[in-house]
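*Asks:* Right, I'll just put the structure down here and ask away after.
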Amino acid sequence: MTYSLAELCIVAGAECFRNDGENMTTLIGVVPRISGGLAKLSFAPGLMMTDGEAYLVSEPVPVGPRGDYKPKIEGIMTYERVFDIVARGQRHCFVGPVQIDRYGQMNISVIGDYAKPKVALLGARGFPGNSINNINSMFVPNHNTKAFVAGEVDMVASVGYNPARYPDGKKPPYLDLRRIITNLCVMDFGGKDNNVRVISLHPGVTFGEVQENTGFPLERIKNLGDTPAPTDAQLTIIRDVMDPHDLRASVFKDNPPGVREAS
């Protein structure tokens with residue numbers, strides 16, 4: 001089957017959860033939601049999901065209008081229990097920050113000077129506690145130097161690999177930043193001193209293009225290759241089970257193909 005860029009990113013996002021075991025997932029946005037569902041239905045049955053409900057569900061809830069679909073409830077997940085899980089570090093958050101810096105520090109709060117910002121956004125929300133205790137992965141739909149900034153993000157809303165920010169000079173013991181999925185590539189924090197590293201390029205993208213659109217130096221793995229294409233089985237789950245209303249088509253302008261066409 002041919003596939004879209006959104007579907008390529010969804011499959012790459014699902015890999016963030018490989019070997020997670022029995023963790024609760026928090027999935028913010030269309031691509032993270034479908035990615036988590038694909039992972040649970042493909043290779044990570046132990047993932048615990050609420051999909052925005054106050055209940056744990058035994059199967060991922062499709063995105064978009066539900067019609068006659070009824071969530072398969074298998075347990076209660078109250079606000080109190082969520083905080084218990086956050087404190088124990090048994091959660092993997094897949095989120096969409098507005099800015100990321102070389103340390104993996106994320107910003108969803110303000111753009112510009114905090115005292116007089118150009119744009120006021122959501123505030124820090126749960127990012128401080130989530131990032132210090134829980135696994136975090138990130139989806140950034142527009143890979144450019146406004147998103148991947150030089151220096152630090154305008155407002156540090158989450159914990160990253162920046163020793164200058166640690167109150168006692170020691171890295172928080174549960175800090176675990178996994179992967180960043182963008183419209184250009186897949187990255188992780190496996191470089192020297194947790195530097196951001198490119199681990200695959202989407203078909204038709206070069207490392208030079210990724211570096212040009214990033215405000216800080218990147219590392220790359222040896223034998224850097226293309227992001228794996230979705231399998232037919234994965235595309236069936238994405239299209240027929242997780243996203244029957246094709247909400248993923250709105251993630252990127254004009255819903256481009258997964259393999260970039262030659263210009």
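Labels for the structure tokens follow display order: chains A, B, ..., residues from 1 in each chain, ligands from 1.
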Report as a PyMOL selection string: the residues of stretch 95-209 of chain A with a DSSP assignment of strand (DSSP E), based on the backbone of this structure.
*Replies:* chain A and resi 95+99-100+106-107+110-111+119-120+135-140+176-182+185-188+197-201
*Asks:* Those residues with N, CA and C atoms, as a PDB file, in the first residue's frame please?
*Replies:*
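Ended up saving to out_26.pdb:
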```pdb
ATOM      1  N   VAL A  95       3.700  13.757  23.801  1.00  0.00           N
ATOM      2  CA  VAL A  95       3.148  15.111  23.825  1.00  0.00           C
ATOM      3  C   VAL A  95       3.631  15.922  22.627  1.00  0.00           C
ATOM      4  N   GLN A  99       8.177  24.288  21.631  1.00  0.00           N
ATOM      5  CA  GLN A  99       9.621  24.449  21.489  1.00  0.00           C
ATOM      6  C   GLN A  99      10.337  23.318  22.222  1.00  0.00           C
ATOM      7  N   ILE A 100      11.488  22.915  21.673  1.00  0.00           N
ATOM      8  CA  ILE A 100      12.399  21.962  22.313  1.00  0.00           C
ATOM      9  C   ILE A 100      13.807  22.507  22.135  1.00  0.00           C
ATOM     10  N   MET A 106      11.202  21.253  27.228  1.00  0.00           N
ATOM     11  CA  MET A 106      10.060  21.586  26.384  1.00  0.00           C
ATOM     12  C   MET A 106       9.366  22.847  26.878  1.00  0.00           C
ATOM     13  N   ASN A 107       8.695  23.530  25.949  1.00  0.00           N
ATOM     14  CA  ASN A 107       7.937  24.739  26.260  1.00  0.00           C
ATOM     15  C   ASN A 107       6.546  24.638  25.650  1.00  0.00           C
ATOM     16  N   VAL A 110       4.831  30.069  26.907  1.00  0.00           N
ATOM     17  CA  VAL A 110       4.828  31.379  26.255  1.00  0.00           C
ATOM     18  C   VAL A 110       5.899  31.417  25.176  1.00  0.00           C
ATOM     19  N   ILE A 111       5.701  32.275  24.187  1.00  0.00           N
ATOM     20  CA  ILE A 111       6.727  32.576  23.191  1.00  0.00           C
ATOM     21  C   ILE A 111       7.191  34.001  23.437  1.00  0.00           C
ATOM     22  N   VAL A 119       3.309  35.584  22.561  1.00  0.00           N
ATOM     23  CA  VAL A 119       2.146  34.695  22.526  1.00  0.00           C
ATOM     24  C   VAL A 119       2.053  33.989  23.875  1.00  0.00           C
ATOM     25  N   ALA A 120       0.868  33.983  24.464  1.00  0.00           N
ATOM     26  CA  ALA A 120       0.617  33.221  25.687  1.00  0.00           C
ATOM     27  C   ALA A 120      -0.086  31.926  25.302  1.00  0.00           C
ATOM     28  N   ILE A 135       8.360   8.738  31.634  1.00  0.00           N
ATOM     29  CA  ILE A 135       8.925   8.697  30.291  1.00  0.00           C
ATOM     30  C   ILE A 135       8.219   9.733  29.432  1.00  0.00           C
ATOM     31  N   ASN A 136       8.962  10.399  28.553  1.00  0.00           N
ATOM     32  CA  ASN A 136       8.368  11.360  27.620  1.00  0.00           C
ATOM     33  C   ASN A 136       8.883  11.144  26.207  1.00  0.00           C
ATOM     34  N   SER A 137       7.963  11.158  25.244  1.00  0.00           N
ATOM     35  CA  SER A 137       8.280  11.238  23.831  1.00  0.00           C
ATOM     36  C   SER A 137       7.543  12.436  23.251  1.00  0.00           C
ATOM     37  N   MET A 138       7.951  12.882  22.066  1.00  0.00           N
ATOM     38  CA  MET A 138       7.456  14.148  21.537  1.00  0.00           C
ATOM     39  C   MET A 138       7.128  14.035  20.055  1.00  0.00           C
ATOM     40  N   PHE A 139       6.076  14.741  19.637  1.00  0.00           N
ATOM     41  CA  PHE A 139       5.737  14.866  18.219  1.00  0.00           C
ATOM     42  C   PHE A 139       5.733  16.338  17.845  1.00  0.00           C
ATOM     43  N   VAL A 140       6.515  16.684  16.815  1.00  0.00           N
ATOM     44  CA  VAL A 140       6.604  18.064  16.327  1.00  0.00           C
ATOM     45  C   VAL A 140       6.293  18.039  14.831  1.00  0.00           C
ATOM     46  N   ASP A 176      13.627  10.389  31.745  1.00  0.00           N
ATOM     47  CA  ASP A 176      13.753   9.444  30.637  1.00  0.00           C
ATOM     48  C   ASP A 176      13.069  10.037  29.404  1.00  0.00           C
ATOM     49  N   LEU A 177      13.846  10.736  28.569  1.00  0.00           N
ATOM     50  CA  LEU A 177      13.329  11.270  27.316  1.00  0.00           C
ATOM     51  C   LEU A 177      13.653  10.272  26.207  1.00  0.00           C
ATOM     52  N   ARG A 178      12.639   9.846  25.476  1.00  0.00           N
ATOM     53  CA  ARG A 178      12.804   8.752  24.518  1.00  0.00           C
ATOM     54  C   ARG A 178      13.045   9.246  23.086  1.00  0.00           C
ATOM     55  N   ARG A 179      11.977   9.593  22.388  1.00  0.00           N
ATOM     56  CA  ARG A 179      12.104   9.908  20.970  1.00  0.00           C
ATOM     57  C   ARG A 179      11.358  11.185  20.610  1.00  0.00           C
ATOM     58  N   ILE A 180      11.810  11.788  19.509  1.00  0.00           N
ATOM     59  CA  ILE A 180      11.120  12.924  18.908  1.00  0.00           C
ATOM     60  C   ILE A 180      10.775  12.525  17.475  1.00  0.00           C
ATOM     61  N   ILE A 181       9.495  12.603  17.140  1.00  0.00           N
ATOM     62  CA  ILE A 181       9.030  12.315  15.784  1.00  0.00           C
ATOM     63  C   ILE A 181       8.668  13.647  15.139  1.00  0.00           C
ATOM     64  N   THR A 182       9.202  13.926  13.952  1.00  0.00           N
ATOM     65  CA  THR A 182       8.875  15.167  13.243  1.00  0.00           C
ATOM     66  C   THR A 182       8.479  14.845  11.802  1.00  0.00           C
ATOM     67  N   CYS A 185      12.112  13.526  10.340  1.00  0.00           N
ATOM     68  CA  CYS A 185      12.967  12.459  10.827  1.00  0.00           C
ATOM     69  C   CYS A 185      12.482  11.926  12.168  1.00  0.00           C
ATOM     70  N   VAL A 186      13.242  10.963  12.693  1.00  0.00           N
ATOM     71  CA  VAL A 186      13.065  10.462  14.052  1.00  0.00           C
ATOM     72  C   VAL A 186      14.377  10.695  14.800  1.00  0.00           C
ATOM     73  N   MET A 187      14.288  11.246  16.015  1.00  0.00           N
ATOM     74  CA  MET A 187      15.475  11.531  16.812  1.00  0.00           C
ATOM     75  C   MET A 187      15.312  10.934  18.199  1.00  0.00           C
ATOM     76  N   ASP A 188      16.443  10.782  18.880  1.00  0.00           N
ATOM     77  CA  ASP A 188      16.409  10.383  20.285  1.00  0.00           C
ATOM     78  C   ASP A 188      17.465  11.163  21.049  1.00  0.00           C
ATOM     79  N   ARG A 197      20.026  13.098  18.758  1.00  0.00           N
ATOM     80  CA  ARG A 197      20.657  12.312  17.700  1.00  0.00           C
ATOM     81  C   ARG A 197      19.592  11.881  16.688  1.00  0.00           C
ATOM     82  N   VAL A 198      19.901  12.006  15.401  1.00  0.00           N
ATOM     83  CA  VAL A 198      18.993  11.543  14.360  1.00  0.00           C
ATOM     84  C   VAL A 198      19.181  10.042  14.184  1.00  0.00           C
ATOM     85  N   ILE A 199      18.081   9.276  14.285  1.00  0.00           N
ATOM     86  CA  ILE A 199      18.179   7.821  14.159  1.00  0.00           C
ATOM     87  C   ILE A 199      17.530   7.297  12.880  1.00  0.00           C
ATOM     88  N   SER A 200      16.719   8.119  12.200  1.00  0.00           N
ATOM     89  CA  SER A 200      16.228   7.758  10.866  1.00  0.00           C
ATOM     90  C   SER A 200      15.732   9.008  10.169  1.00  0.00           C
ATOM     91  N   LEU A 201      15.820   8.994   8.854  1.00  0.00           N
ATOM     92  CA  LEU A 201      15.353  10.096   8.012  1.00  0.00           C
ATOM     93  C   LEU A 201      14.128   9.633   7.239  1.00  0.00           C
TER      94      LEU A 201
END
```
*Asks:* Got a sec to tell me which of stretch 41-86 of chain A DSSP assigns to alpha helix (DSSP H), as a list in words?
*Replies:*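 Across stretch 41-86 of chain A, those assigned alpha helix (DSSP H) are Leu41, Ser42, Tyr79, Glu80, Arg81, Val82, Phe83, Asp84, Ile85 and Val86 of chain A.
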*Asks:* Could you please take those selected residues and save N, CA and C atoms as a compact mmCIF listing (two decimals), in the first residue's frame?
*Replies:*
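Dumped to out_37.txt:
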```txt
# COMPACT_ATOMS: atom_id res chain seq x y z
N LEU A 41 -2.18 -2.54 19.97
CA LEU A 41 -2.81 -3.57 19.15
C LEU A 41 -1.79 -4.42 18.39
N SER A 42 -0.54 -3.96 18.33
CA SER A 42 0.47 -4.66 17.54
C SER A 42 1.47 -5.45 18.38
N TYR A 79 -8.73 10.68 39.18
CA TYR A 79 -7.66 11.67 39.23
C TYR A 79 -6.64 11.30 40.29
N GLU A 80 -7.11 10.81 41.43
CA GLU A 80 -6.21 10.42 42.52
C GLU A 80 -5.27 9.31 42.07
N ARG A 81 -5.80 8.31 41.36
CA ARG A 81 -4.97 7.20 40.89
C ARG A 81 -3.95 7.68 39.85
N VAL A 82 -4.37 8.63 39.02
CA VAL A 82 -3.43 9.18 38.04
C VAL A 82 -2.22 9.77 38.74
N PHE A 83 -2.45 10.54 39.80
CA PHE A 83 -1.33 11.16 40.52
C PHE A 83 -0.45 10.11 41.19
N ASP A 84 -1.04 9.03 41.65
CA ASP A 84 -0.24 7.93 42.21
C ASP A 84 0.69 7.35 41.15
N ILE A 85 0.16 7.16 39.95
CA ILE A 85 0.96 6.60 38.85
C ILE A 85 2.05 7.57 38.43
N VAL A 86 1.71 8.86 38.37
CA VAL A 86 2.72 9.87 38.03
C VAL A 86 3.87 9.83 39.04
```
*Asks:* With only C-alpha atoms as the basis for distance, which of A:Asn133, A:Gln211, A:Thr25, A:Thr78 is at the shortest distance from A:Cys93?
*Replies:*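 Nearest candidate to A:Cys93 out of A:Asn133, A:Gln211, A:Thr25, A:Thr78: A:Thr25.
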*Asks:* Find the nearest atom pair between each residue of stretch 2-43 of chain A and stretch 237-256 of chain A for residues within 9 Å, count only C-alpha atoms, give distances in Å to one decimal, sort rows by chain and ascending number, and present the table as a Markdown table.
*Replies:*
```
| residue | atom | partner | partner_atom | distance |
| --- | --- | --- | --- | --- |
| A:Ser4 | CA | A:Pro256 | CA | 5.9 |
| A:Leu5 | CA | A:Pro256 | CA | 5.8 |
| A:Ala6 | CA | A:Arg248 | CA | 6.1 |
| A:Glu7 | CA | A:Arg248 | CA | 7.5 |
| A:Ile10 | CA | A:Ile238 | CA | 8.4 |
| A:Val11 | CA | A:Ile238 | CA | 9.0 |
| A:Val30 | CA | A:Arg248 | CA | 6.5 |
| A:Val31 | CA | A:Arg248 | CA | 6.9 |
| A:Arg33 | CA | A:Met242 | CA | 8.6 |
| A:Ile34 | CA | A:Met242 | CA | 6.0 |
| A:Ser35 | CA | A:Ile238 | CA | 8.5 |
| A:Gly37 | CA | A:Met242 | CA | 6.8 |
| A:Leu38 | CA | A:Ile237 | CA | 6.7 |
| A:Leu41 | CA | A:Ile237 | CA | 8.0 |
| A:Ser42 | CA | A:Ile237 | CA | 8.8 |
```
*Asks:* Write to file, as an mmCIF file, in the first residue's frame, the residues of the selection just made, with C-alpha atoms.
*Replies:*
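Result went into result.cif, see below:
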```
data_model
loop_
_atom_site.group_PDB
_atom_site.id
_atom_site.type_symbol
_atom_site.label_atom_id
_atom_site.label_comp_id
_atom_site.auth_asym_id
_atom_site.auth_seq_id
_atom_site.Cartn_x
_atom_site.Cartn_y
_atom_site.Cartn_z
ATOM 1 C CA SER A 4 1.013 9.248 3.861
ATOM 2 C CA LEU A 5 3.545 11.204 5.884
ATOM 3 C CA ALA A 6 1.112 11.166 8.796
ATOM 4 C CA GLU A 7 0.925 7.370 8.638
ATOM 5 C CA ILE A 10 2.243 7.262 13.398
ATOM 6 C CA VAL A 11 4.185 4.044 12.853
ATOM 7 C CA VAL A 30 -4.004 12.828 16.751
ATOM 8 C CA VAL A 31 -0.633 11.272 15.871
ATOM 9 C CA ARG A 33 -3.266 8.907 20.059
ATOM 10 C CA ILE A 34 -3.146 6.686 16.992
ATOM 11 C CA SER A 35 0.495 5.730 17.636
ATOM 12 C CA GLY A 37 -3.287 2.539 19.897
ATOM 13 C CA LEU A 38 -1.257 0.965 17.117
ATOM 14 C CA LEU A 41 -2.810 -3.573 19.148
ATOM 15 C CA SER A 42 0.472 -4.660 17.538
#
```
*Asks:* Give me, as a PyMOL selection string, all polymer residues having an atom no more than 12 Å from A:Met155, counting only C-alpha atoms and skipping those fewer than 3 positions away in the same chain.
*Replies:* chain A and resi 97-101+105-115+117+119-124+127-128+149+151-152+158-159
*Asks:* Can you tell me how far atom CA of A:Gly21 sits from atom CA of A:Ala39, in Å to one decimal?
*Replies:* 11.3 Å
*Asks:* I'd like to know which of A:Thr214, A:Asn183, A:Asn130, A:Thr145 is closest to A:Ala157, using only C-alpha atoms.
*Replies:*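 Going through A:Thr214, A:Asn183, A:Asn130, A:Thr145 one by one, the smallest distance to A:Ala157 is for A:Asn130.
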*Asks:* Neighbours of A:Ile76 within 10 Å (only C-alpha atoms; same-chain residues fewer than 4 positions away dropped), as number ranges by chain?
*Replies:* A: 50, 53-57, 81
*Asks:* For N, CA and C atoms, I'd like the residues from the last selection saved as an mmCIF file, in the first residue's frame.
*Replies:*
```cif
data_model
loop_
_atom_site.group_PDB
_atom_site.id
_atom_site.type_symbol
_atom_site.label_atom_id
_atom_site.label_comp_id
_atom_site.auth_asym_id
_atom_site.auth_seq_id
_atom_site.Cartn_x
_atom_site.Cartn_y
_atom_site.Cartn_z
ATOM 1 N N THR A 50 -6.420 5.308 28.915
ATOM 2 C CA THR A 50 -7.714 5.891 29.267
ATOM 3 C C THR A 50 -8.324 6.603 28.065
ATOM 4 N N GLU A 53 -10.767 9.167 29.020
ATOM 5 C CA GLU A 53 -11.870 8.747 29.873
ATOM 6 C C GLU A 53 -11.417 8.727 31.336
ATOM 7 N N ALA A 54 -12.353 8.513 32.244
ATOM 8 C CA ALA A 54 -12.023 8.296 33.646
ATOM 9 C C ALA A 54 -11.904 6.810 33.939
ATOM 10 N N TYR A 55 -11.746 6.030 32.872
ATOM 11 C CA TYR A 55 -11.668 4.573 33.001
ATOM 12 C C TYR A 55 -10.482 4.051 32.208
ATOM 13 N N LEU A 56 -9.968 2.916 32.628
ATOM 14 C CA LEU A 56 -9.032 2.174 31.800
ATOM 15 C C LEU A 56 -9.833 1.403 30.758
ATOM 16 N N VAL A 57 -9.312 1.347 29.546
ATOM 17 C CA VAL A 57 -10.006 0.634 28.483
ATOM 18 C C VAL A 57 -9.151 -0.539 28.011
ATOM 19 N N ARG A 81 -5.802 8.312 41.365
ATOM 20 C CA ARG A 81 -4.965 7.203 40.891
ATOM 21 C C ARG A 81 -3.954 7.676 39.850
#
```
*Asks:* For A:Gly104, which residue out of A:Glu212, A:Lys222, A:Asn195, A:Thr206 is the nearest one, using only C-alpha atoms?
*Replies:*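 Going through A:Glu212, A:Lys222, A:Asn195, A:Thr206 one by one, the smallest distance to A:Gly104 is for A:Asn195.
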*Asks:* Find the residue from A:Phe207, A:Phe43, A:Tyr161, A:Tyr69 that sits nearest to A:Arg102; use only C-alpha atoms when measuring.
*Replies:* A:Tyr161
*Asks:* Mind pulling up the distance from atom CA of A:Phe216 to atom CA of A:Ala147?
*Replies:*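 We find that atom CA of A:Ala147 and atom CA of A:Phe216 lie 11.1 Å from each other.
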*Asks:* Nearest to A:Met48 among A:Gly29, A:Pro172, A:Lys70, A:Met77, with distances taken over only C-alpha atoms: which residue is it?
*Replies:* A:Met77
*Asks:* Counting only C-alpha atoms, figure out which residue out of A:Pro173, A:Val259, A:Met1, A:Ile132 gets nearest to A:His202.
*Replies:*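 When distances to A:His202 are compared using only C-alpha atoms, the smallest one comes from A:Val259.
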